[in-house]
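Next up, input.cif (mmCIF, C-alpha atoms):
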```
data_upload
loop_
_atom_site.label_atom_id
_atom_site.label_comp_id
_atom_site.auth_asym_id
_atom_site.auth_seq_id
_atom_site.Cartn_x
_atom_site.Cartn_y
_atom_site.Cartn_z
CA MET B 9 34.78 -35.94 37.15
CA GLY B 10 33.51 -34.42 33.87
CA GLN B 11 29.92 -34.84 35.07
CA VAL B 12 30.63 -32.99 38.37
CA ILE B 13 32.16 -30.09 36.43
CA GLN B 14 29.08 -29.95 34.18
CA ILE B 15 26.77 -29.77 37.22
CA ASP B 16 28.91 -27.03 38.75
CA GLU B 17 28.81 -25.08 35.47
CA ALA B 18 25.02 -25.36 35.38
CA ARG B 19 24.79 -24.09 38.95
CA ILE B 20 27.12 -21.23 38.13
CA ARG B 21 24.97 -20.28 35.12
CA ASP B 22 21.83 -20.41 37.27
CA HIS B 23 23.49 -18.35 39.97
CA LEU B 24 24.69 -15.74 37.47
CA GLY B 25 21.26 -15.67 35.88
CA GLU B 26 19.66 -15.11 39.28
CA MET B 27 22.13 -12.32 40.02
CA VAL B 28 21.32 -10.61 36.71
CA ARG B 29 17.57 -11.03 37.30
CA GLY B 30 17.91 -9.63 40.80
CA THR B 31 19.91 -6.66 39.54
CA VAL B 32 17.31 -5.90 36.86
CA GLU B 33 14.52 -6.21 39.44
CA GLU B 34 16.32 -3.92 41.87
CA ALA B 35 17.06 -1.34 39.17
CA LEU B 36 13.47 -1.27 37.88
CA ASN B 37 12.02 -0.91 41.39
CA ALA B 38 14.47 1.92 42.11
CA MET B 39 13.32 3.65 38.91
CA LEU B 40 9.67 3.24 39.95
CA ASP B 41 10.43 4.77 43.35
CA ALA B 42 12.25 7.69 41.75
CA GLU B 43 9.31 8.29 39.41
CA ALA B 44 6.89 8.23 42.36
CA ASP B 45 9.08 10.77 44.19
CA ARG B 46 8.98 13.03 41.14
CA LEU B 47 5.18 12.86 40.95
CA CYS B 48 4.85 13.54 44.67
CA GLY B 49 7.33 16.40 44.57
CA ALA B 50 9.20 14.91 47.55
CA GLY B 51 10.93 11.73 48.65
CA ARG B 52 9.30 9.09 50.82
CA TYR B 53 8.63 10.38 54.39
CA GLU B 54 10.13 13.72 53.41
CA ARG B 55 8.34 16.81 54.78
CA THR B 56 8.45 19.72 52.35
CA GLU B 57 6.20 22.57 51.24
CA GLY B 58 6.57 21.50 47.61
CA ARG B 59 4.94 18.09 48.19
CA GLN B 60 2.01 17.51 45.80
CA ASP B 61 0.97 13.98 46.78
CA THR B 62 1.65 11.16 49.23
CA ARG B 63 2.08 7.43 48.81
CA ALA B 64 -0.61 4.90 49.60
CA GLY B 65 1.43 1.69 49.56
CA HIS B 66 2.09 -0.36 46.45
CA TYR B 67 0.89 -3.36 44.46
CA GLU B 68 2.99 -6.13 42.96
CA ARG B 69 3.06 -7.24 39.38
CA ASN B 70 5.31 -9.52 37.36
CA LEU B 71 7.13 -8.42 34.24
CA GLU B 72 8.91 -10.60 31.70
CA THR B 73 12.35 -9.29 30.76
CA LYS B 74 15.33 -10.73 28.91
CA ALA B 75 16.78 -11.65 32.30
CA GLY B 76 13.62 -13.55 33.26
CA LYS B 77 10.50 -12.79 35.29
CA VAL B 78 10.94 -9.97 37.82
CA SER B 79 8.61 -8.78 40.57
CA LEU B 80 7.83 -5.08 40.57
CA LYS B 81 6.46 -3.03 43.46
CA VAL B 82 4.39 -0.40 41.72
CA PRO B 83 3.71 2.61 43.96
CA LYS B 84 0.16 3.86 44.58
CA LEU B 85 -0.55 7.56 45.17
CA ARG B 86 -3.46 9.10 47.08
CA ARG B 87 -4.38 11.98 44.77
CA GLN B 88 -3.27 10.93 41.30
CA THR B 89 -2.93 7.78 39.26
CA PHE B 90 0.62 6.50 39.11
CA GLU B 91 1.50 6.18 35.43
CA THR B 92 4.94 5.04 34.43
CA ALA B 93 6.66 4.74 31.09
CA ILE B 94 9.01 2.10 32.44
CA ILE B 95 6.59 -0.83 32.34
CA GLU B 96 5.08 0.39 29.09
CA ARG B 97 8.53 0.53 27.56
CA TYR B 98 9.19 -3.11 28.41
CA GLN B 99 5.70 -4.16 27.34
CA ARG B 100 6.20 -2.35 24.05
CA ARG B 101 9.31 -4.36 23.33
CA GLU B 102 7.44 -7.47 22.24
CA SER B 103 4.80 -5.54 20.31
CA SER B 104 7.41 -3.31 18.69
CA VAL B 105 9.35 -6.36 17.53
CA GLU B 106 6.13 -7.78 16.12
CA GLU B 107 5.25 -4.50 14.43
CA ALA B 108 8.75 -4.33 12.97
CA LEU B 109 8.33 -7.83 11.52
CA ILE B 110 4.97 -6.90 10.02
CA GLU B 111 6.36 -3.71 8.50
CA MET B 112 9.29 -5.68 7.08
CA TYR B 113 6.81 -8.00 5.38
CA PHE B 114 4.77 -5.07 4.05
CA ALA B 115 7.97 -3.50 2.72
CA GLY B 116 8.67 -6.61 0.67
CA VAL B 117 11.01 -8.61 2.89
CA SER B 118 10.43 -12.36 2.62
CA VAL B 119 9.60 -14.41 5.72
CA ARG B 120 12.91 -16.27 5.39
CA ARG B 121 14.77 -12.99 5.26
CA VAL B 122 12.82 -11.77 8.30
CA GLU B 123 14.10 -14.81 10.21
CA ASP B 124 17.68 -13.89 9.30
CA ILE B 125 17.13 -10.28 10.35
CA THR B 126 15.61 -11.18 13.72
CA GLU B 127 18.52 -13.50 14.46
CA ALA B 128 20.99 -10.71 13.67
CA LEU B 129 19.11 -8.09 15.71
CA TRP B 130 17.77 -10.01 18.69
CA GLY B 131 19.90 -13.14 18.77
CA THR B 132 17.03 -15.58 18.10
CA ARG B 133 15.21 -16.67 14.97
CA VAL B 134 11.49 -16.29 14.59
CA SER B 135 9.85 -19.60 15.52
CA PRO B 136 7.35 -21.29 13.13
CA SER B 137 4.52 -20.57 15.58
CA THR B 138 5.52 -16.90 15.68
CA VAL B 139 5.53 -16.78 11.87
CA SER B 140 2.08 -18.41 11.82
CA ASN B 141 0.67 -15.92 14.33
CA LEU B 142 2.41 -13.11 12.51
CA ASN B 143 0.81 -14.12 9.21
CA LYS B 144 -2.64 -14.11 10.80
CA LYS B 145 -2.11 -10.58 12.09
CA ILE B 146 -0.66 -9.47 8.76
CA TYR B 147 -3.63 -10.86 6.83
CA ALA B 148 -6.06 -9.26 9.29
CA LYS B 149 -4.36 -5.87 8.83
CA ILE B 150 -4.42 -6.30 5.05
CA GLU B 151 -8.13 -7.16 5.00
CA GLU B 152 -8.89 -4.20 7.23
CA TRP B 153 -6.92 -1.91 4.90
CA ARG B 154 -8.54 -3.36 1.75
CA HIS B 155 -12.05 -2.77 3.08
CA LYS B 156 -11.61 0.61 4.75
CA PRO B 157 -14.02 3.33 3.54
CA ILE B 158 -12.95 5.49 0.60
CA GLU B 159 -13.29 9.09 1.73
CA GLY B 160 -13.70 12.22 -0.36
CA GLU B 161 -14.00 12.53 -4.11
CA HIS B 162 -11.61 11.11 -6.72
CA PRO B 163 -12.03 12.93 -10.06
CA TYR B 164 -9.43 10.74 -11.80
CA VAL B 165 -9.21 6.94 -11.46
CA PHE B 166 -6.72 4.56 -13.10
CA LEU B 167 -7.59 0.86 -13.52
CA ASP B 168 -5.45 -2.09 -14.59
CA GLY B 169 -4.99 -5.81 -14.03
CA ILE B 170 -1.98 -8.06 -13.56
CA VAL B 171 -1.83 -11.80 -14.15
CA MET B 172 -0.27 -14.12 -11.57
CA LYS B 173 0.18 -17.89 -11.43
CA ARG B 174 -1.55 -19.95 -8.75
CA CYS B 175 -1.80 -23.66 -7.99
CA TRP B 176 -5.21 -25.23 -8.53
CA VAL B 177 -5.56 -28.94 -7.67
CA ALA B 178 -1.95 -29.72 -8.62
CA GLU B 179 -2.30 -27.56 -11.73
CA VAL B 180 -0.88 -24.07 -12.28
CA ARG B 181 -3.42 -21.56 -13.56
CA ASN B 182 -3.51 -17.83 -14.09
CA VAL B 183 -5.33 -15.47 -11.78
CA SER B 184 -5.83 -11.75 -12.28
CA LEU B 185 -5.37 -9.08 -9.64
CA LEU B 186 -7.39 -5.93 -10.37
CA VAL B 187 -5.97 -2.67 -9.04
CA ALA B 188 -7.31 0.89 -8.82
CA ILE B 189 -5.59 4.12 -7.87
CA GLY B 190 -7.12 7.59 -7.85
CA VAL B 191 -6.29 11.27 -7.63
CA THR B 192 -8.16 13.08 -4.86
CA ALA B 193 -9.92 16.42 -5.21
CA GLU B 194 -6.87 17.92 -3.47
CA GLY B 195 -4.46 16.42 -6.02
CA TYR B 196 -2.94 13.55 -4.02
CA ARG B 197 -2.67 9.98 -5.26
CA GLU B 198 -4.38 7.21 -3.33
CA ILE B 199 -4.51 3.45 -3.73
CA LEU B 200 -8.22 2.70 -3.86
CA GLY B 201 -8.30 -1.08 -3.90
CA ILE B 202 -7.13 -4.47 -5.09
CA CYS B 203 -9.21 -7.61 -5.65
CA GLU B 204 -8.75 -11.03 -7.15
CA GLY B 205 -10.55 -11.83 -10.38
CA ALA B 206 -10.50 -15.26 -12.02
CA LYS B 207 -9.77 -13.37 -15.21
CA GLU B 208 -10.21 -9.86 -16.51
CA ASP B 209 -13.81 -10.47 -17.64
CA LYS B 210 -17.06 -8.57 -17.12
CA SER B 211 -17.91 -10.36 -13.89
CA GLY B 212 -14.44 -9.70 -12.43
CA TRP B 213 -14.40 -5.98 -13.24
CA SER B 214 -18.05 -5.56 -12.20
CA ALA B 215 -17.36 -7.13 -8.80
CA PHE B 216 -14.28 -4.93 -8.34
CA LEU B 217 -16.06 -1.69 -9.26
CA ARG B 218 -19.01 -2.63 -7.05
CA HIS B 219 -16.49 -3.20 -4.23
CA LEU B 220 -15.07 0.31 -4.78
CA VAL B 221 -18.46 2.03 -5.03
CA ASP B 222 -19.78 0.22 -1.95
CA ARG B 223 -16.78 1.50 0.02
CA GLY B 224 -17.56 5.07 -0.98
CA LEU B 225 -15.88 5.80 -4.34
CA LYS B 226 -17.54 8.90 -5.79
CA GLY B 227 -16.90 12.07 -7.76
CA VAL B 228 -15.17 10.15 -10.58
CA GLU B 229 -15.02 12.19 -13.79
CA LEU B 230 -12.48 10.21 -15.81
CA VAL B 231 -11.35 6.58 -15.80
CA VAL B 232 -8.04 5.77 -17.53
CA SER B 233 -7.29 2.19 -18.62
CA ASP B 234 -6.36 0.03 -21.58
CA ALA B 235 -8.97 -1.08 -24.10
CA CYS B 236 -10.40 -3.98 -22.10
CA ARG B 237 -14.00 -4.17 -23.32
CA SER B 238 -15.34 -5.81 -20.15
CA LEU B 239 -13.70 -3.09 -18.04
CA VAL B 240 -15.24 -0.30 -20.14
CA GLU B 241 -18.68 -1.92 -19.96
CA SER B 242 -18.39 -2.29 -16.17
CA VAL B 243 -17.39 1.37 -15.81
CA SER B 244 -20.54 2.43 -17.67
CA ASP B 245 -22.62 0.22 -15.35
CA TYR B 246 -21.21 1.40 -12.00
CA LEU B 247 -19.93 4.87 -12.86
CA PRO B 248 -22.45 5.94 -15.51
CA ASP B 249 -21.54 9.65 -15.46
CA THR B 250 -17.83 8.99 -15.92
CA ARG B 251 -15.84 9.47 -19.12
CA TRP B 252 -13.30 6.91 -20.29
CA GLN B 253 -9.78 7.56 -21.56
CA ARG B 254 -7.99 4.82 -23.46
CA CYS B 255 -4.29 4.69 -22.56
CA VAL B 256 -2.31 6.28 -25.37
CA VAL B 257 0.74 4.04 -24.79
CA HIS B 258 -1.39 0.90 -25.13
CA PHE B 259 -2.91 2.40 -28.28
CA TYR B 260 0.59 2.92 -29.73
CA ARG B 261 1.33 -0.75 -29.14
CA ASN B 262 -1.94 -1.81 -30.74
CA VAL B 263 -1.18 0.24 -33.86
CA PHE B 264 2.42 -0.94 -34.11
CA SER B 265 1.30 -4.57 -33.84
CA HIS B 266 -0.16 -4.13 -37.36
CA VAL B 267 2.99 -2.50 -38.74
CA PRO B 268 5.85 -4.57 -40.24
CA SER B 269 8.89 -4.54 -37.97
CA THR B 270 10.96 -2.95 -40.71
CA LYS B 271 8.53 -0.01 -40.87
CA ILE B 272 8.00 0.69 -37.12
CA ARG B 273 10.83 3.23 -36.88
CA GLU B 274 9.56 5.01 -39.96
CA VAL B 275 5.96 5.38 -38.70
CA SER B 276 6.66 5.69 -34.95
CA HIS B 277 6.33 9.49 -35.07
CA MET B 278 2.88 9.40 -36.70
CA PRO B 279 0.67 8.48 -33.69
CA LYS B 280 2.71 10.75 -31.39
CA ALA B 281 1.96 13.71 -33.67
CA ILE B 282 -1.75 13.26 -32.95
CA TYR B 283 -1.27 13.98 -29.24
CA ALA B 284 0.96 16.99 -29.79
CA GLN B 285 -2.01 19.06 -30.97
CA GLU B 286 -3.48 21.98 -29.03
CA ASN B 287 -7.08 20.74 -28.91
CA ARG B 288 -9.27 17.77 -29.72
CA ASP B 289 -10.42 19.03 -33.12
CA THR B 290 -6.90 19.47 -34.47
CA ALA B 291 -5.90 16.12 -32.93
CA ALA B 292 -8.80 14.41 -34.70
CA GLY B 293 -7.78 16.11 -37.95
CA LYS B 294 -4.20 14.92 -37.50
CA ALA B 295 -5.49 11.39 -36.85
CA GLU B 296 -7.29 11.43 -40.22
CA ALA B 297 -4.04 12.45 -41.92
CA VAL B 298 -2.12 9.70 -40.12
CA ALA B 299 -4.70 7.08 -41.12
CA ALA B 300 -4.51 8.24 -44.75
CA GLU B 301 -0.72 8.02 -44.71
CA LEU B 302 -0.82 4.51 -43.22
CA ARG B 303 -3.34 3.42 -45.82
CA GLN B 304 -1.20 4.88 -48.61
CA GLN B 305 1.70 2.73 -47.33
CA ARG B 306 -0.62 -0.30 -47.42
CA MET B 307 -0.80 -0.71 -43.65
CA VAL B 308 -4.58 -1.07 -43.82
CA LYS B 309 -5.20 -2.68 -40.40
CA ALA B 310 -3.19 0.01 -38.64
CA ALA B 311 -5.07 2.70 -40.59
CA ASN B 312 -8.44 1.16 -39.68
CA LEU B 313 -7.46 1.04 -36.00
CA VAL B 314 -6.58 4.73 -36.01
CA GLU B 315 -9.76 5.69 -37.84
CA GLN B 316 -12.12 3.64 -35.67
CA HIS B 317 -10.63 4.02 -32.19
CA VAL B 318 -8.48 7.15 -31.98
CA GLY B 319 -11.45 9.02 -30.46
CA GLU B 320 -11.20 6.83 -27.36
CA THR B 321 -7.70 8.22 -26.75
CA LEU B 322 -8.70 11.90 -27.03
CA THR B 323 -11.03 12.16 -24.02
CA TYR B 324 -8.36 13.88 -21.92
CA TYR B 325 -8.73 17.04 -24.06
CA ALA B 326 -11.96 17.77 -22.14
CA PHE B 327 -9.93 18.39 -18.98
CA PRO B 328 -7.45 21.13 -17.97
CA ASP B 329 -4.43 21.19 -20.29
CA SER B 330 -2.06 21.12 -17.30
CA HIS B 331 -3.42 17.62 -16.55
CA TRP B 332 -3.19 16.20 -20.07
CA ILE B 333 0.22 14.59 -19.83
CA LYS B 334 -0.83 12.66 -16.70
CA LEU B 335 -4.28 11.66 -17.94
CA ARG B 336 -3.57 10.27 -21.39
CA THR B 337 -1.67 7.19 -20.21
CA ASN B 338 -1.95 4.57 -17.51
CA ASN B 339 1.72 5.06 -16.58
CA PRO B 340 1.09 5.99 -12.90
CA LEU B 341 -0.47 2.57 -12.35
CA GLU B 342 1.90 0.72 -14.67
CA ARG B 343 4.82 1.62 -12.39
CA ILE B 344 3.00 0.22 -9.38
CA MET B 345 2.18 -2.97 -11.29
CA ARG B 346 5.86 -3.43 -12.07
CA GLU B 347 6.62 -3.08 -8.37
CA ILE B 348 4.04 -5.79 -7.55
CA ARG B 349 5.57 -8.01 -10.23
CA ARG B 350 9.05 -7.49 -8.77
CA ARG B 351 7.85 -8.42 -5.28
CA THR B 352 5.93 -11.53 -6.37
CA ARG B 353 8.37 -12.83 -8.99
CA VAL B 354 10.41 -14.70 -6.36
CA VAL B 355 7.37 -16.78 -5.36
CA GLY B 356 6.62 -18.33 -8.74
CA ALA B 357 3.25 -20.07 -8.39
CA PHE B 358 1.20 -19.20 -5.33
CA PRO B 359 -0.54 -21.97 -3.33
CA ASP B 360 -3.87 -20.12 -3.63
CA GLY B 361 -5.37 -16.86 -4.80
CA GLN B 362 -5.64 -15.43 -1.29
CA SER B 363 -1.90 -15.63 -0.61
CA CYS B 364 -1.23 -14.01 -3.99
CA LEU B 365 -3.69 -11.22 -3.17
CA ASN B 366 -2.25 -10.73 0.33
CA LEU B 367 1.32 -10.34 -0.88
CA ALA B 368 0.37 -7.87 -3.61
CA ALA B 369 -1.90 -5.94 -1.21
CA ALA B 370 0.89 -5.82 1.37
CA ARG B 371 3.14 -4.16 -1.18
CA LEU B 372 0.43 -1.66 -2.12
CA ARG B 373 -0.19 -0.87 1.55
CA HIS B 374 3.51 -0.14 1.96
CA ILE B 375 3.55 2.13 -1.10
CA ALA B 376 0.49 3.95 0.25
CA GLY B 377 2.45 4.82 3.38
CA THR B 378 5.38 6.40 1.51
CA GLN B 379 5.90 9.79 -0.14
CA TRP B 380 4.03 8.39 -3.12
CA SER B 381 0.75 9.36 -1.45
CA THR B 382 1.90 12.35 0.59
CA ARG B 383 3.48 14.28 -2.28
CA LYS B 384 1.04 16.39 -4.30
CA TYR B 385 0.60 14.89 -7.77
CA MET B 386 -1.63 17.46 -9.47
CA ASN B 387 -2.77 21.03 -8.99
CA MET B 388 -6.56 20.64 -9.02
CA ASP B 389 -7.34 24.38 -9.09
CA PRO B 390 -7.84 24.40 -12.90
CA LEU B 391 -10.41 21.59 -12.63
CA ARG B 392 -12.27 23.44 -9.88
CA ALA B 393 -12.17 26.61 -11.99
CA ASP B 394 -13.70 24.68 -14.92
CA HIS B 395 -16.48 23.42 -12.66
CA ASP B 396 -17.17 26.91 -11.35
CA HIS B 397 -17.27 28.28 -14.91
CA GLN B 398 -19.66 25.54 -16.08
CA HIS B 399 -21.89 26.04 -13.03
CA GLY B 400 -21.97 29.79 -13.67
CA ALA B 401 -22.91 29.24 -17.32
CA VAL B 402 -25.78 26.93 -16.30
CA VAL B 403 -27.07 29.41 -13.71
CA ALA B 404 -26.90 32.26 -16.25
#
```
Would you mind giving the structure from this file in structure tokens?
Amino acid sequence: MGQVIQIDEARIRDHLGEMVRGTVEEALNAMLDAEADRLCGAGRYERTEGRQDTRAGHYERNLETKAGKVSLKVPKLRRQTFETAIIERYQRRESSVEEALIEMYFAGVSVRRVEDITEALWGTRVSPSTVSNLNKKIYAKIEEWRHKPIEGEHPYVFLDGIVMKRCWVAEVRNVSLLVAIGVTAEGYREILGICEGAKEDKSGWSAFLRHLVDRGLKGVELVVSDACRSLVESVSDYLPDTRWQRCVVHFYRNVFSHVPSTKIREVSHMPKAIYAQENRDTAAGKAEAVAAELRQQRMVKAANLVEQHVGETLTYYAFPDSHWIKLRTNNPLERIMREIRRRTRVVGAFPDGQSCLNLAAARLRHIAGTQWSTRKYMNMDPLRADHDHQHGAVVA
């Protein structure tokens, strides 16, 4: 008896499903007819002076809906092409779901979390095959974004690297991701690129800068970074007319690393006083005084560091004073690196360098699409005025 009831229930479900499918099919066809009437300016067989077109039959096409496959009778018109938003709207459903999943990934949502979200929104979890296909499309979009041409000029460029862990033949090793952002000639920030480097050595930075230049990076007047020697050497190779600014915050840390912990509070104001000066000459003079004071307190290594390398931190004085506070440190890029670290921390060790690069690049791509890049970062008029003044002096 139980088996008979089960069969009856199955038939009832099929019957109800067929009724729903039929209702959806009937409703969609009625909507298509109504849209054809609107385009014609009159109903079928209706004689009216306002008629703009007549029907020329129809063609059939199938459409997958939640209720199942339905058969549509798409009207054909004699004078104009019948275009309907109805079919497009249903076709967009699958692609819009897919695009939503991709954007969730770019925004930093894990694949497991995406599965939970899709189940809550659409009643079904993303299948493994869907995730696999989704990843392929995500990676393709990321590669396309990473290799797109760099347009316009970027007077200011910030460079930095971040170390991640990756698996290498059952062994966990470090891998560096090299990142560049720039400020356009109009004053907007732009993420210029990200590449994997085995480590932050000359070959890694050279390959990255060559990648940027090949894609169109030009007009660079100042590069801001920490004191990575291989980076500085690569900049001189690929951007020979560019000046280099050593990050002041990194320089602070370098100096304080040679100061006893009990003395850091006492001397912390000394380096900062250097960068409070009105021009490079007075800053250099203040640096000499700071070095002498450090030497007097027997902090010889710190004094030597200030004497020998403070000039590398004063390059920003050659640019408009309204830009100084944003040019003397690598802080704009440091904040982005922290965001990458936050997004990748949950992974631990990546299975390979490519997956590490893809996840970090996905986060950068998301940031690039936010107000971060659409909000003006600098007023570049003073820099243009300096250029005009220098050009006028040369002509004269």
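Restricting the calculation to all atoms listed in the file, the smallest distance between Ser276 (chain B) and any of B:Ala148, B:Leu302, B:Leu80, B:Val240 is found for B:Leu302.
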Q | Surrounding residues of Tyr324 (chain B) excluding itself and chain neighbours under 3 positions, 7 Å, all atoms listed in the file, as a PyMOL selection string | A | chain B and resi 253+327+332+335-336
Could the centre and edge lengths of an axis-aligned box, enclosing all atoms of region 340-343 of chain B in the file with 5 Å extra on each side, be given in Å to one decimal as JSON?
```
{"center_x": 2.2, "center_y": 3.4, "center_z": -13.5, "size_x": 15.3, "size_y": 15.3, "size_z": 12.3}
```
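For the set B:Ile189, B:Ile272, B:Ala299, B:Ile282, the residue with the smallest atom-to-atom gap to Ile375 (chain B) is B:Ile189, counting all atoms listed in the file.
Using all atoms listed in the file, the smallest distance between any of B:Arg52, B:His317, B:Arg63, B:His155 and Arg86 (chain B) comes from B:Arg63.
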